[in-house]
>>> print(open('entry-v2.txt').read())   # compact mmCIF, C-alpha atoms
# COMPACT_ATOMS: atom_id res chain seq x y z
CA MET T 30 0.00 0.00 0.00
CA ASP T 31 1.14 3.53 -0.78
CA SER T 32 2.36 5.94 1.90
CA ILE T 33 2.73 9.70 2.04
CA ILE T 34 5.83 11.24 3.59
CA VAL T 35 5.58 14.80 4.91
CA THR T 36 8.41 16.91 6.31
CA GLY T 37 7.68 20.09 8.25
CA ASN T 38 9.35 22.98 6.45
CA GLY T 39 7.76 26.35 7.24
CA PRO T 40 5.21 28.76 5.76
CA LEU T 41 3.15 28.07 2.63
CA LYS T 42 2.31 30.55 -0.13
CA GLY T 43 0.27 30.38 -3.33
CA ASP T 44 -3.04 29.23 -4.78
CA ILE T 45 -4.83 25.88 -4.46
CA PRO T 46 -7.68 25.09 -6.89
CA ILE T 47 -10.64 23.45 -5.12
CA ALA T 48 -12.40 20.57 -6.89
CA GLY T 49 -16.11 19.92 -7.30
CA ALA T 50 -17.80 18.32 -4.30
CA LYS T 51 -17.57 14.56 -4.05
CA ASN T 52 -20.74 14.30 -1.97
CA ALA T 53 -22.63 16.49 -4.45
CA CYS T 54 -21.38 14.60 -7.51
CA LEU T 55 -22.26 11.21 -6.00
CA THR T 56 -25.82 12.51 -5.50
CA LEU T 57 -26.10 14.14 -8.91
CA MET T 58 -24.94 11.09 -10.88
CA PRO T 59 -27.97 8.90 -9.97
CA ALA T 60 -30.25 11.71 -11.24
CA THR T 61 -29.46 10.45 -14.75
CA LEU T 62 -31.65 7.41 -13.95
CA LEU T 63 -34.71 9.70 -13.81
CA SER T 64 -34.66 10.64 -17.51
CA GLU T 65 -34.18 9.20 -20.98
CA GLU T 66 -32.33 12.37 -21.99
CA PRO T 67 -28.61 13.06 -21.35
CA LEU T 68 -27.29 14.59 -18.11
CA THR T 69 -23.84 16.20 -18.23
CA LEU T 70 -21.93 17.18 -15.10
CA THR T 71 -18.99 19.59 -15.26
CA ASN T 72 -16.44 20.34 -12.50
CA ALA T 73 -16.58 16.68 -11.46
CA PRO T 74 -13.89 15.56 -8.97
CA ARG T 75 -11.50 12.81 -10.06
CA LEU T 76 -11.87 10.30 -7.23
CA SER T 77 -12.24 6.57 -6.70
CA ASP T 78 -15.78 6.98 -5.30
CA ILE T 79 -16.83 8.65 -8.58
CA ARG T 80 -15.43 5.66 -10.48
CA THR T 81 -17.39 3.31 -8.19
CA MET T 82 -20.65 5.19 -8.89
CA THR T 83 -19.81 5.09 -12.61
CA THR T 84 -19.44 1.30 -12.42
CA LEU T 85 -22.75 1.00 -10.56
CA LEU T 86 -24.66 3.10 -13.10
CA GLN T 87 -23.10 1.16 -15.98
CA SER T 88 -24.15 -2.12 -14.35
CA LEU T 89 -27.75 -0.86 -14.60
CA GLY T 90 -27.31 -0.13 -18.30
CA ALA T 91 -26.58 3.60 -18.12
CA GLU T 92 -23.96 5.08 -20.41
CA VAL T 93 -21.31 7.10 -18.56
CA THR T 94 -18.45 8.76 -20.44
CA SER T 95 -15.62 10.56 -18.68
CA MET T 96 -14.18 13.51 -20.62
CA GLN T 97 -11.70 16.37 -20.15
CA ASP T 98 -9.45 14.36 -17.85
CA GLY T 99 -12.42 13.22 -15.76
CA GLN T 100 -13.81 16.69 -15.04
CA VAL T 101 -16.84 16.19 -17.30
CA LEU T 102 -19.23 13.25 -16.96
CA ALA T 103 -21.65 12.68 -19.85
CA MET T 104 -24.43 10.25 -18.87
CA SER T 105 -27.48 8.73 -20.51
CA SER T 106 -30.07 6.31 -19.15
CA HIS T 107 -32.25 6.00 -22.26
CA ASP T 108 -32.02 2.22 -22.28
CA LEU T 109 -31.50 0.72 -18.79
CA THR T 110 -31.15 -3.06 -18.69
CA SER T 111 -31.49 -3.69 -14.94
CA GLN T 112 -33.11 -2.32 -11.79
CA ARG T 113 -30.88 -4.39 -9.49
CA ALA T 114 -27.83 -2.86 -7.79
CA GLU T 115 -25.54 -5.74 -6.87
CA TYR T 116 -23.83 -6.20 -3.52
CA ASP T 117 -20.33 -6.47 -5.02
CA ILE T 118 -20.52 -2.81 -6.11
CA VAL T 119 -22.78 -1.34 -3.42
CA ARG T 120 -20.63 -2.68 -0.56
CA LYS T 121 -17.75 -0.43 -1.64
CA MET T 122 -19.61 2.83 -1.05
CA ARG T 123 -22.62 3.87 1.02
CA ALA T 124 -23.75 6.48 -1.53
CA SER T 125 -24.78 3.58 -3.79
CA ILE T 126 -28.14 3.50 -1.96
CA LEU T 127 -29.00 6.73 -3.84
CA VAL T 128 -29.92 4.75 -6.97
CA LEU T 129 -32.94 3.33 -5.10
CA GLY T 130 -35.10 6.47 -5.24
CA PRO T 131 -34.63 7.19 -8.97
CA LEU T 132 -35.16 3.54 -10.03
CA LEU T 133 -38.29 3.26 -7.90
CA ALA T 134 -39.69 6.55 -9.22
CA ARG T 135 -39.06 5.87 -12.92
CA TYR T 136 -39.62 2.12 -13.15
CA GLY T 137 -41.82 1.38 -10.15
CA TYR T 138 -39.49 -1.34 -8.93
CA ALA T 139 -35.90 -1.65 -7.66
CA GLU T 140 -33.65 -4.11 -5.88
CA VAL T 141 -30.68 -2.54 -4.15
CA SER T 142 -28.21 -4.27 -1.87
CA LEU T 143 -27.98 -2.88 1.64
CA PRO T 144 -24.66 -0.99 1.98
CA GLY T 145 -21.97 -2.57 4.10
CA GLY T 146 -20.79 -1.34 7.48
CA CYS T 147 -18.81 1.82 7.93
CA ALA T 148 -15.73 2.66 9.99
CA ILE T 149 -17.35 5.82 11.40
CA GLY T 150 -20.59 4.35 12.66
CA ALA T 151 -23.69 2.41 11.68
CA ARG T 152 -25.38 5.05 9.46
CA PRO T 153 -28.56 2.98 8.86
CA VAL T 154 -30.80 3.44 5.82
CA ASP T 155 -34.12 3.21 7.68
CA LEU T 156 -34.89 6.89 7.11
CA HIS T 157 -34.56 6.37 3.36
CA LEU T 158 -37.02 3.49 3.48
CA LYS T 159 -39.57 5.32 5.63
CA ALA T 160 -39.56 8.16 3.10
CA PHE T 161 -40.41 5.74 0.27
CA GLU T 162 -43.16 4.16 2.39
CA ALA T 163 -44.67 7.64 2.86
CA MET T 164 -44.89 7.77 -0.95
CA GLY T 165 -46.77 4.47 -1.05
CA ALA T 166 -43.92 2.04 -1.75
CA GLU T 167 -43.97 -1.54 -0.50
CA LEU T 168 -40.62 -2.62 0.91
CA ASP T 169 -39.27 -6.07 1.61
CA LEU T 170 -35.81 -6.64 3.09
CA ARG T 171 -34.55 -10.11 2.29
CA ASP T 172 -31.23 -11.76 1.38
CA GLY T 173 -29.40 -8.51 2.08
CA TYR T 174 -31.39 -6.54 -0.51
CA VAL T 175 -34.09 -3.89 -0.37
CA HIS T 176 -36.91 -4.98 -2.70
CA ALA T 177 -38.96 -1.84 -3.34
CA LYS T 178 -42.22 -1.67 -5.31
CA ALA T 179 -44.28 1.42 -6.12
CA PRO T 180 -48.10 1.28 -6.00
CA LYS T 181 -50.00 0.88 -9.27
CA GLY T 182 -49.65 4.11 -11.22
CA GLY T 183 -46.33 5.02 -9.55
CA LEU T 184 -45.19 6.68 -6.36
CA ARG T 185 -47.64 9.09 -4.72
CA GLY T 186 -46.88 12.37 -3.05
CA GLY T 187 -46.80 12.19 0.74
CA VAL T 188 -45.56 13.87 3.89
CA VAL T 189 -42.17 12.66 5.12
CA ASP T 190 -41.19 13.54 8.69
CA PHE T 191 -37.51 12.74 9.19
CA ALA T 192 -36.54 11.76 12.75
CA PHE T 193 -33.33 13.72 12.22
CA ALA T 194 -31.90 15.77 9.36
CA SER T 195 -30.27 13.00 7.33
CA VAL T 196 -28.45 14.22 4.22
CA GLY T 197 -28.62 10.89 2.38
CA ALA T 198 -32.28 10.27 3.19
CA THR T 199 -33.22 13.81 2.13
CA GLU T 200 -31.39 13.32 -1.17
CA ASN T 201 -32.95 9.92 -1.86
CA ALA T 202 -36.45 11.18 -1.04
CA LEU T 203 -35.93 14.21 -3.28
CA LEU T 204 -34.78 12.00 -6.17
CA ALA T 205 -37.90 9.85 -5.80
CA ALA T 206 -40.45 12.62 -5.20
CA VAL T 207 -39.74 14.55 -8.42
CA LEU T 208 -41.61 11.88 -10.44
CA ALA T 209 -44.26 11.01 -7.81
CA LYS T 210 -47.92 11.85 -8.44
CA GLY T 211 -48.93 14.94 -6.46
CA THR T 212 -47.11 16.91 -3.78
CA THR T 213 -44.44 15.61 -1.41
CA VAL T 214 -43.34 17.54 1.67
CA LEU T 215 -40.04 16.71 3.39
CA ASN T 216 -40.05 17.93 7.00
CA ASN T 217 -36.84 18.23 9.05
CA ALA T 218 -34.93 17.98 5.77
CA ALA T 219 -31.16 18.41 5.71
CA ARG T 220 -30.00 21.84 4.56
CA GLU T 221 -26.51 21.13 3.17
CA PRO T 222 -25.24 22.94 0.04
CA GLU T 223 -25.06 19.57 -1.72
CA ILE T 224 -28.87 19.25 -1.40
CA VAL T 225 -29.37 22.74 -2.83
CA ASP T 226 -27.04 21.73 -5.69
CA LEU T 227 -29.10 18.58 -6.36
CA ALA T 228 -32.33 20.60 -6.36
CA ASP T 229 -30.78 23.11 -8.79
CA CYS T 230 -29.84 20.29 -11.17
CA LEU T 231 -33.26 18.62 -10.92
CA ARG T 232 -34.96 21.97 -11.64
CA LYS T 233 -32.86 22.26 -14.81
CA MET T 234 -34.24 18.83 -15.76
CA GLY T 235 -37.81 20.11 -15.24
CA ALA T 236 -38.54 19.26 -11.60
CA GLN T 237 -40.68 21.52 -9.41
CA ILE T 238 -38.95 21.97 -6.05
CA GLU T 239 -39.21 24.72 -3.43
CA GLY T 240 -37.62 25.22 -0.03
CA ASP T 241 -34.26 23.50 -0.56
CA GLY T 242 -31.73 24.97 1.85
CA SER T 243 -34.45 25.14 4.53
CA SER T 244 -35.80 22.39 6.77
CA THR T 245 -39.00 22.00 4.71
CA ILE T 246 -38.77 21.04 1.04
CA THR T 247 -41.89 20.85 -1.14
CA ILE T 248 -41.86 18.88 -4.40
CA GLN T 249 -44.64 18.91 -6.97
CA GLY T 250 -44.23 15.73 -9.01
CA VAL T 251 -43.99 15.91 -12.82
CA ASP T 252 -44.65 13.24 -15.46
CA ARG T 253 -41.17 13.25 -16.93
CA LEU T 254 -37.79 14.94 -16.69
CA GLY T 255 -35.51 16.09 -19.49
CA GLY T 256 -31.76 16.43 -19.85
CA ALA T 257 -29.46 19.13 -18.48
CA THR T 258 -25.90 20.34 -18.08
CA HIS T 259 -24.90 21.20 -14.52
CA ARG T 260 -21.72 22.36 -12.78
CA VAL T 261 -20.96 20.52 -9.53
CA VAL T 262 -20.74 22.87 -6.52
CA THR T 263 -17.33 23.52 -4.88
CA ASP T 264 -16.27 20.82 -2.38
CA ARG T 265 -16.60 22.60 0.96
CA ILE T 266 -14.73 19.81 2.81
CA GLU T 267 -11.74 19.95 0.46
CA LEU T 268 -11.98 23.74 0.76
CA GLY T 269 -11.86 23.62 4.57
CA THR T 270 -9.03 21.09 4.53
CA TYR T 271 -6.76 23.23 2.36
CA MET T 272 -7.72 26.39 4.27
CA LEU T 273 -6.18 24.66 7.30
CA ALA T 274 -2.79 24.09 5.62
CA PRO T 275 -1.51 27.67 6.15
CA ALA T 276 -3.20 27.66 9.58
CA PHE T 277 -0.81 24.83 10.52
CA CYS T 278 2.35 26.18 8.89
CA GLY T 279 1.87 29.91 8.61
CA GLY T 280 1.91 31.83 5.36
CA GLU T 281 -0.85 32.82 2.96
CA VAL T 282 -2.86 30.51 0.67
CA THR T 283 -5.83 31.34 -1.57
CA CYS T 284 -8.30 28.49 -2.13
CA LEU T 285 -9.62 29.18 -5.63
CA GLY T 286 -13.39 28.95 -5.98
CA GLY T 287 -13.97 29.01 -2.21
CA ARG T 288 -17.03 30.76 -0.76
CA ARG T 289 -17.58 31.69 2.88
CA ASP T 290 -21.30 30.78 2.77
CA LEU T 291 -20.30 27.14 2.23
CA LEU T 292 -18.33 27.09 5.51
CA ALA T 293 -19.43 30.04 7.65
CA ALA T 294 -19.26 28.22 11.02
CA PHE T 295 -15.83 26.78 10.18
CA CYS T 296 -14.49 30.19 9.09
CA ASP T 297 -15.75 31.71 12.34
CA LYS T 298 -13.80 29.12 14.37
CA LEU T 299 -10.63 29.65 12.34
CA GLU T 300 -10.82 33.38 13.03
CA GLU T 301 -11.49 32.73 16.72
CA ALA T 302 -8.27 30.67 16.74
CA GLY T 303 -6.33 33.62 15.32
CA VAL T 304 -6.31 32.86 11.58
CA SER T 305 -7.37 35.49 9.01
CA VAL T 306 -9.97 34.54 6.35
CA THR T 307 -10.64 36.98 3.48
CA GLU T 308 -13.18 36.46 0.67
CA SER T 309 -12.61 37.79 -2.86
CA GLU T 310 -13.71 36.98 -6.42
CA LYS T 311 -10.84 34.47 -6.62
CA GLY T 312 -11.89 32.56 -3.52
CA LEU T 313 -10.93 32.48 0.16
CA THR T 314 -7.49 33.63 1.30
CA VAL T 315 -6.18 32.27 4.61
CA THR T 316 -3.31 34.00 6.43
CA ARG T 317 -1.52 33.11 9.64
CA GLY T 318 1.34 35.05 11.15
CA ALA T 319 3.93 33.94 13.70
CA ASP T 320 1.59 33.95 16.71
CA ARG T 321 0.54 30.61 18.20
CA ILE T 322 -2.97 29.36 17.45
CA LYS T 323 -5.49 29.90 20.27
CA ALA T 324 -7.56 27.02 21.70
CA VAL T 325 -11.23 26.92 20.63
CA ASP T 326 -14.13 24.59 21.44
CA ILE T 327 -15.86 22.74 18.60
CA THR T 328 -19.24 21.00 18.41
CA THR T 329 -20.08 19.23 15.15
CA GLU T 330 -23.61 19.88 13.89
CA PRO T 331 -25.63 19.51 10.70
CA PHE T 332 -25.26 22.38 8.21
CA PRO T 333 -24.97 25.30 8.78
CA GLY T 334 -23.07 24.19 11.90
CA PHE T 335 -19.45 23.00 12.11
CA PRO T 336 -19.03 20.03 9.69
CA THR T 337 -18.22 16.61 11.11
CA ASP T 338 -16.02 16.05 8.03
CA LEU T 339 -13.65 18.80 9.22
CA GLN T 340 -13.48 17.71 12.85
CA ALA T 341 -10.38 15.49 12.46
CA GLN T 342 -8.45 18.19 10.60
CA MET T 343 -9.41 20.85 13.18
CA MET T 344 -8.39 18.56 16.04
CA ALA T 345 -4.94 18.19 14.45
CA LEU T 346 -4.60 22.00 14.29
CA LEU T 347 -5.63 22.43 17.92
CA CYS T 348 -2.96 19.97 19.09
CA THR T 349 -0.46 22.86 19.07
CA ALA T 350 -2.87 25.60 20.20
CA GLU T 351 -2.31 27.76 23.27
CA GLY T 352 -4.68 26.36 25.92
CA THR T 353 -7.18 23.48 26.04
CA SER T 354 -9.81 22.76 23.40
CA VAL T 355 -12.88 20.56 23.76
CA LEU T 356 -14.31 18.87 20.66
CA GLU T 357 -17.76 17.33 20.83
CA GLU T 358 -18.77 14.95 18.00
CA LYS T 359 -22.57 14.86 17.65
CA ILE T 360 -22.99 13.44 14.14
CA PHE T 361 -21.15 10.08 14.04
CA GLU T 362 -20.02 7.77 16.79
CA ASN T 363 -16.52 6.33 16.55
CA ARG T 364 -15.08 9.40 14.84
CA PHE T 365 -12.02 10.03 17.01
CA MET T 366 -9.93 7.18 15.61
CA HIS T 367 -7.28 9.68 14.48
CA ALA T 368 -6.65 10.74 18.10
CA PRO T 369 -4.27 7.84 19.00
CA GLU T 370 -2.25 8.51 15.85
CA LEU T 371 -1.93 12.21 16.68
CA THR T 372 -0.84 11.16 20.18
CA ARG T 373 2.01 9.21 18.53
CA MET T 374 3.16 12.59 17.17
CA GLY T 375 3.23 14.09 20.67
CA ALA T 376 -0.33 15.41 20.99
CA ASP T 377 -2.08 15.44 24.39
CA ILE T 378 -5.62 14.16 23.72
CA GLU T 379 -8.15 12.48 26.02
CA VAL T 380 -11.26 10.89 24.53
CA HIS T 381 -14.38 10.07 26.54
CA GLY T 382 -17.28 8.88 24.38
CA GLY T 383 -18.21 11.64 21.98
CA THR T 384 -15.94 14.26 23.56
CA ALA T 385 -12.21 14.85 23.03
CA THR T 386 -10.14 17.19 25.21
CA VAL T 387 -7.01 18.53 23.50
CA LYS T 388 -4.30 20.21 25.58
CA GLY T 389 -2.07 22.20 23.25
CA VAL T 390 1.63 21.34 23.09
CA GLU T 391 4.44 23.53 21.73
CA LYS T 392 5.25 21.26 18.77
CA LEU T 393 4.31 17.95 17.20
CA ARG T 394 7.03 15.46 16.21
CA GLY T 395 7.14 13.47 13.00
CA ALA T 396 6.31 9.78 13.41
CA PRO T 397 5.04 6.75 11.46
CA VAL T 398 1.22 6.90 11.63
CA MET T 399 -1.66 5.00 10.06
CA ALA T 400 -4.80 6.42 8.43
CA THR T 401 -8.06 4.90 9.69
CA ASP T 402 -10.51 6.70 7.40
CA LEU T 403 -10.70 9.44 4.77
CA ARG T 404 -10.71 12.52 7.00
CA ALA T 405 -8.27 11.01 9.50
CA SER T 406 -5.75 10.43 6.72
CA VAL T 407 -5.69 14.06 5.64
CA SER T 408 -5.59 15.30 9.26
CA LEU T 409 -2.35 13.35 9.76
CA ILE T 410 -0.86 14.84 6.59
CA LEU T 411 -1.73 18.35 7.79
CA ALA T 412 -0.21 17.60 11.21
CA GLY T 413 2.95 16.43 9.45
CA LEU T 414 3.26 19.77 7.66
CA ALA T 415 3.86 21.51 10.98
CA ALA T 416 5.68 18.72 12.86
CA GLU T 417 9.40 18.52 13.51
CA GLY T 418 11.02 15.97 11.24
CA GLU T 419 9.40 13.39 8.99
CA THR T 420 5.89 11.94 9.22
CA LYS T 421 5.04 8.80 7.28
CA VAL T 422 1.28 8.26 6.79
CA SER T 423 0.44 4.72 5.71
CA ARG T 424 -2.81 3.24 4.32
CA VAL T 425 -3.50 6.41 2.32
CA TYR T 426 -5.84 4.58 -0.08
CA HIS T 427 -8.60 6.20 2.02
CA LEU T 428 -7.36 9.54 0.73
CA ASP T 429 -8.11 8.70 -2.92
CA ARG T 430 -11.82 8.44 -2.10
CA GLY T 431 -12.11 12.11 -1.21
CA TYR T 432 -9.13 14.21 -2.32
CA GLU T 433 -7.67 14.52 -5.81
CA HIS T 434 -3.96 15.30 -6.30
CA VAL T 435 -3.19 16.06 -2.63
CA VAL T 436 0.58 15.87 -3.14
CA ARG T 437 0.48 18.08 -6.25
CA LYS T 438 -1.74 20.74 -4.62
CA LEU T 439 0.26 21.00 -1.39
CA SER T 440 3.63 20.87 -3.17
CA ALA T 441 2.54 23.80 -5.35
CA VAL T 442 2.31 26.08 -2.29
CA GLY T 443 5.63 24.97 -0.81
CA ALA T 444 4.89 21.87 1.24
CA LYS T 445 7.53 19.13 1.37
CA ILE T 446 5.42 16.08 0.59
CA GLU T 447 5.76 12.95 -1.56
CA ARG T 448 3.81 9.78 -2.24
CA VAL T 449 5.75 6.52 -2.02
CA LYS T 450 4.53 3.42 -3.83
CA GLY T 451 3.87 0.34 -1.72
CA GLU T 452 6.18 -2.62 -2.07
>>> encode(input="entry-v2.txt", output="structure tokens")
Amino acid sequence: MDSIIVTGNGPLKGDIPIAGAKNACLTLMPATLLSEEPLTLTNAPRLSDIRTMTTLLQSLGAEVTSMQDGQVLAMSSHDLTSQRAEYDIVRKMRASILVLGPLLARYGYAEVSLPGGCAIGARPVDLHLKAFEAMGAELDLRDGYVHAKAPKGGLRGGVVDFAFASVGATENALLAAVLAKGTTVLNNAAREPEIVDLADCLRKMGAQIEGDGSSTITIQGVDRLGGATHRVVTDRIELGTYMLAPAFCGGEVTCLGGRRDLLAAFCDKLEEAGVSVTESEKGLTVTRGADRIKAVDITTEPFPGFPTDLQAQMMALLCTAEGTSVLEEKIFENRFMHAPELTRMGADIEVHGGTATVKGVEKLRGAPVMATDLRASVSLILAGLAAEGETKVSRVYHLDRGYEHVVRKLSAVGAKIERVKGE
């Protein structure tokens, strides 16, 4: 397995281009299943999860062509051959469940394997299924598959009351409701930018959706959807990750395409810690001088709160802050697995359940560490940028699921980083 070797070497300076959002793209791709006409996505990220979704859509009979070095995806579902999403593909990625809503809405029937387990918690799909039941679907879970059947005449509009604001369930319900007969109301819907991006794309295809970005989304079903071309929204998690690089090392970095509204709570915490964030037409510029970072407390929350997907990276930053920081993880259980690895680098971290207490130390030391998941892997790389000596991060295959060209992007602003092939 490949490793990444990082050597701490001082301030960073320059520009980092931010890719399209992985979580948005993985939601937009299944929208092709709703129409016979082509759907083209631009600003697509070049990641292994995108390739997995491509394989899944192709297994259903969709045509997916990658162009312009993977940044454009041209898709067509005019002639699907299957409504069954097989376990061998679905098990690799939880977002695979998002084909269930479109297949059920367009064809009235779908069989989708239940996704496998996940390193950062159970993340069950029951909220997805309850949403489909509210639209009249009959569901049968057997042999590890969800067998879903729409009532005669197709899905019907209904009222969906989510027990909590689940991003995936909101997306799946939205994808199904656009072709349902009548009006569907999603209460306690998630408000993430990726959901607004999906709604924007579906509207271009002819869907009637109001209220996205709020906790109540109303969808008036239509008989059919057309084609569209849509630009994938900026990846706010990649944006936040690269904004942290100069916060670790000092210097000034502009994240091209960044917008404060995508990460307002995160930007507020960075500024509270003593880092400058400036918005311009180019993007977001992050500057840190010679002063030590100040300790801040973090509580992860659904959007527009502090993102759980930036908690590991922020914890790594706070390891060298002046004072004690408390981080409370309220979204996923089991999401402090990076803490023991940071401790190997000299961090002082105590974890009790969903709370981590970080006492800032003067400096981290380079060490061999192991990535446990996607966000943990990049948090260790960031920590290595500011540590004394060399940090070797192993099992970085996690990284390829969520970040494109990490070594190239960080090297371009002055980081000393290289990827070493596994033996």
>>> residues_around(input="entry-v2.txt", residues="stretch 349-357 of chain T", least_positions_apart="4", cutoff="9 Å", atoms="all atoms listed in the file", output="ChimeraX atom specification")
/T:277,302,321-329,340,344-345,376,383-393
>>> residues_around(input="entry-v2.txt", residues="T:Val225", least_positions_apart="4", cutoff="12 Å", atoms="only C-alpha atoms", output="PyMOL selection string")
chain T and resi 53+56-57+196+199-200+203+218-221+229-232+238-244+246+261-262+291+332
>>> atom_distance(input="entry-v2.txt", atom1="atom CA of T:Gly183", atom2="atom CA of T:Ala139")
12.5 Å
>>> residues_around(input="entry-v2.txt", residues="T:Gly418", least_positions_apart="5", cutoff="10 Å", atoms="all atoms listed in the file", output="ChimeraX atom specification")
/T:35-38,393-396,413
>>> closest_atom_pairs(input="entry-v2.txt", of="stretch 122-148 of chain T", to="stretch 154-166 of chain T", cutoff="10 Å", atoms="all atoms listed in the file", output="CSV")
residue,atom,partner,partner_atom,distance
T:Arg123,CA,T:Val154,CA,9.5
T:Ile126,CA,T:Val154,CA,8.2
T:Leu127,CA,T:His157,CA,9.1
T:Leu129,CA,T:His157,CA,9.1
T:Gly130,CA,T:Phe161,CA,7.7
T:Leu133,CA,T:Ala166,CA,8.4
T:Ala134,CA,T:Phe161,CA,9.6
T:Gly137,CA,T:Ala166,CA,8.7
T:Tyr138,CA,T:Ala166,CA,9.1
T:Leu143,CA,T:Val154,CA,8.1
T:Pro144,CA,T:Val154,CA,8.5
>>> axis_aligned_box(input="entry-v2.txt", around="stretch 58-75 of chain T", padding_each_side="5 Å", output="JSON")
{"center_x": -23.1, "center_y": 13.9, "center_z": -15.5, "size_x": 33.2, "size_y": 22.9, "size_z": 23.0}
>>> closest_atom_pairs(input="entry-v2.txt", of="stretch 118-143 of chain T", to="stretch 93-113 of chain T", cutoff="7 Å", atoms="all atoms listed in the file", output="Markdown table")
| residue | atom | partner | partner_atom | distance |
| --- | --- | --- | --- | --- |
| T:Leu132 | CA | T:Gln112 | CA | 6.5 |
| T:Ala139 | CA | T:Gln112 | CA | 5.0 |
| T:Glu140 | CA | T:Arg113 | CA | 4.6 |
| T:Val141 | CA | T:Arg113 | CA | 5.7 |
>>> residues_near_point(input="entry-v2.txt", point="(-5.7, 34.4, 5.0)", cutoff="6 Å", atoms="only C-alpha atoms", output="list in words")
Glu281, Ser305, Val306, Thr307, Thr314, Val315 and Thr316 of chain T
>>> closest_residue(input="entry-v2.txt", among="T:Ala412, T:Ile446, T:Leu347, T:Val407", to="T:Tyr426", atoms="only C-alpha atoms")
T:Val407
>>> atom_distance(input="entry-v2.txt", atom1="atom CA of T:His259", atom2="atom CA of T:Leu89")
22.2 Å
>>> atom_distance(input="entry-v2.txt", atom1="atom CA of T:Thr61", atom2="atom CA of T:Arg265")
23.7 Å
>>> residues_around(input="entry-v2.txt", residues="T:Gly211", least_positions_apart="5", cutoff="6 Å", atoms="only C-alpha atoms", output="list of chain:residue names")
T:Gly186, T:Gln249, T:Gly250
>>> residues_near_point(input="entry-v2.txt", point="(2.6, 8.5, 12.3)", cutoff="10 Å", atoms="all atoms listed in the file", output="number ranges by chain")
T: 34, 369-374, 394-400, 409-410, 412-413, 419-423
>>> residues_around(input="entry-v2.txt", residues="T:Lys450", least_positions_apart="3", cutoff="8 Å", atoms="only C-alpha atoms", output="VMD selection string")
chain T and resid 30 to 32
>>> closest_residue(input="entry-v2.txt", among="T:Ile378, T:Phe335, T:Val119, T:Glu330", to="T:Lys359", atoms="only C-alpha atoms")
T:Glu330
>>> closest_residue(input="entry-v2.txt", among="T:Asp264, T:Glu167, T:Asp320, T:Glu301", to="T:Ile47", atoms="all atoms listed in the file")
T:Asp264
>>> closest_residue(input="entry-v2.txt", among="T:Ala341, T:Leu62, T:Met366, T:Ala405", to="T:Met234", atoms="all atoms listed in the file")
T:Leu62
>>> closest_residue(input="entry-v2.txt", among="T:Ala416, T:Ile79, T:Met343, T:Cys284", to="T:Arg404", atoms="only C-alpha atoms")
T:Met343
>>> closest_residue(input="entry-v2.txt", among="T:Leu215, T:Ala236, T:Leu55, T:Leu346", to="T:Ser195", atoms="all atoms listed in the file")
T:Leu215
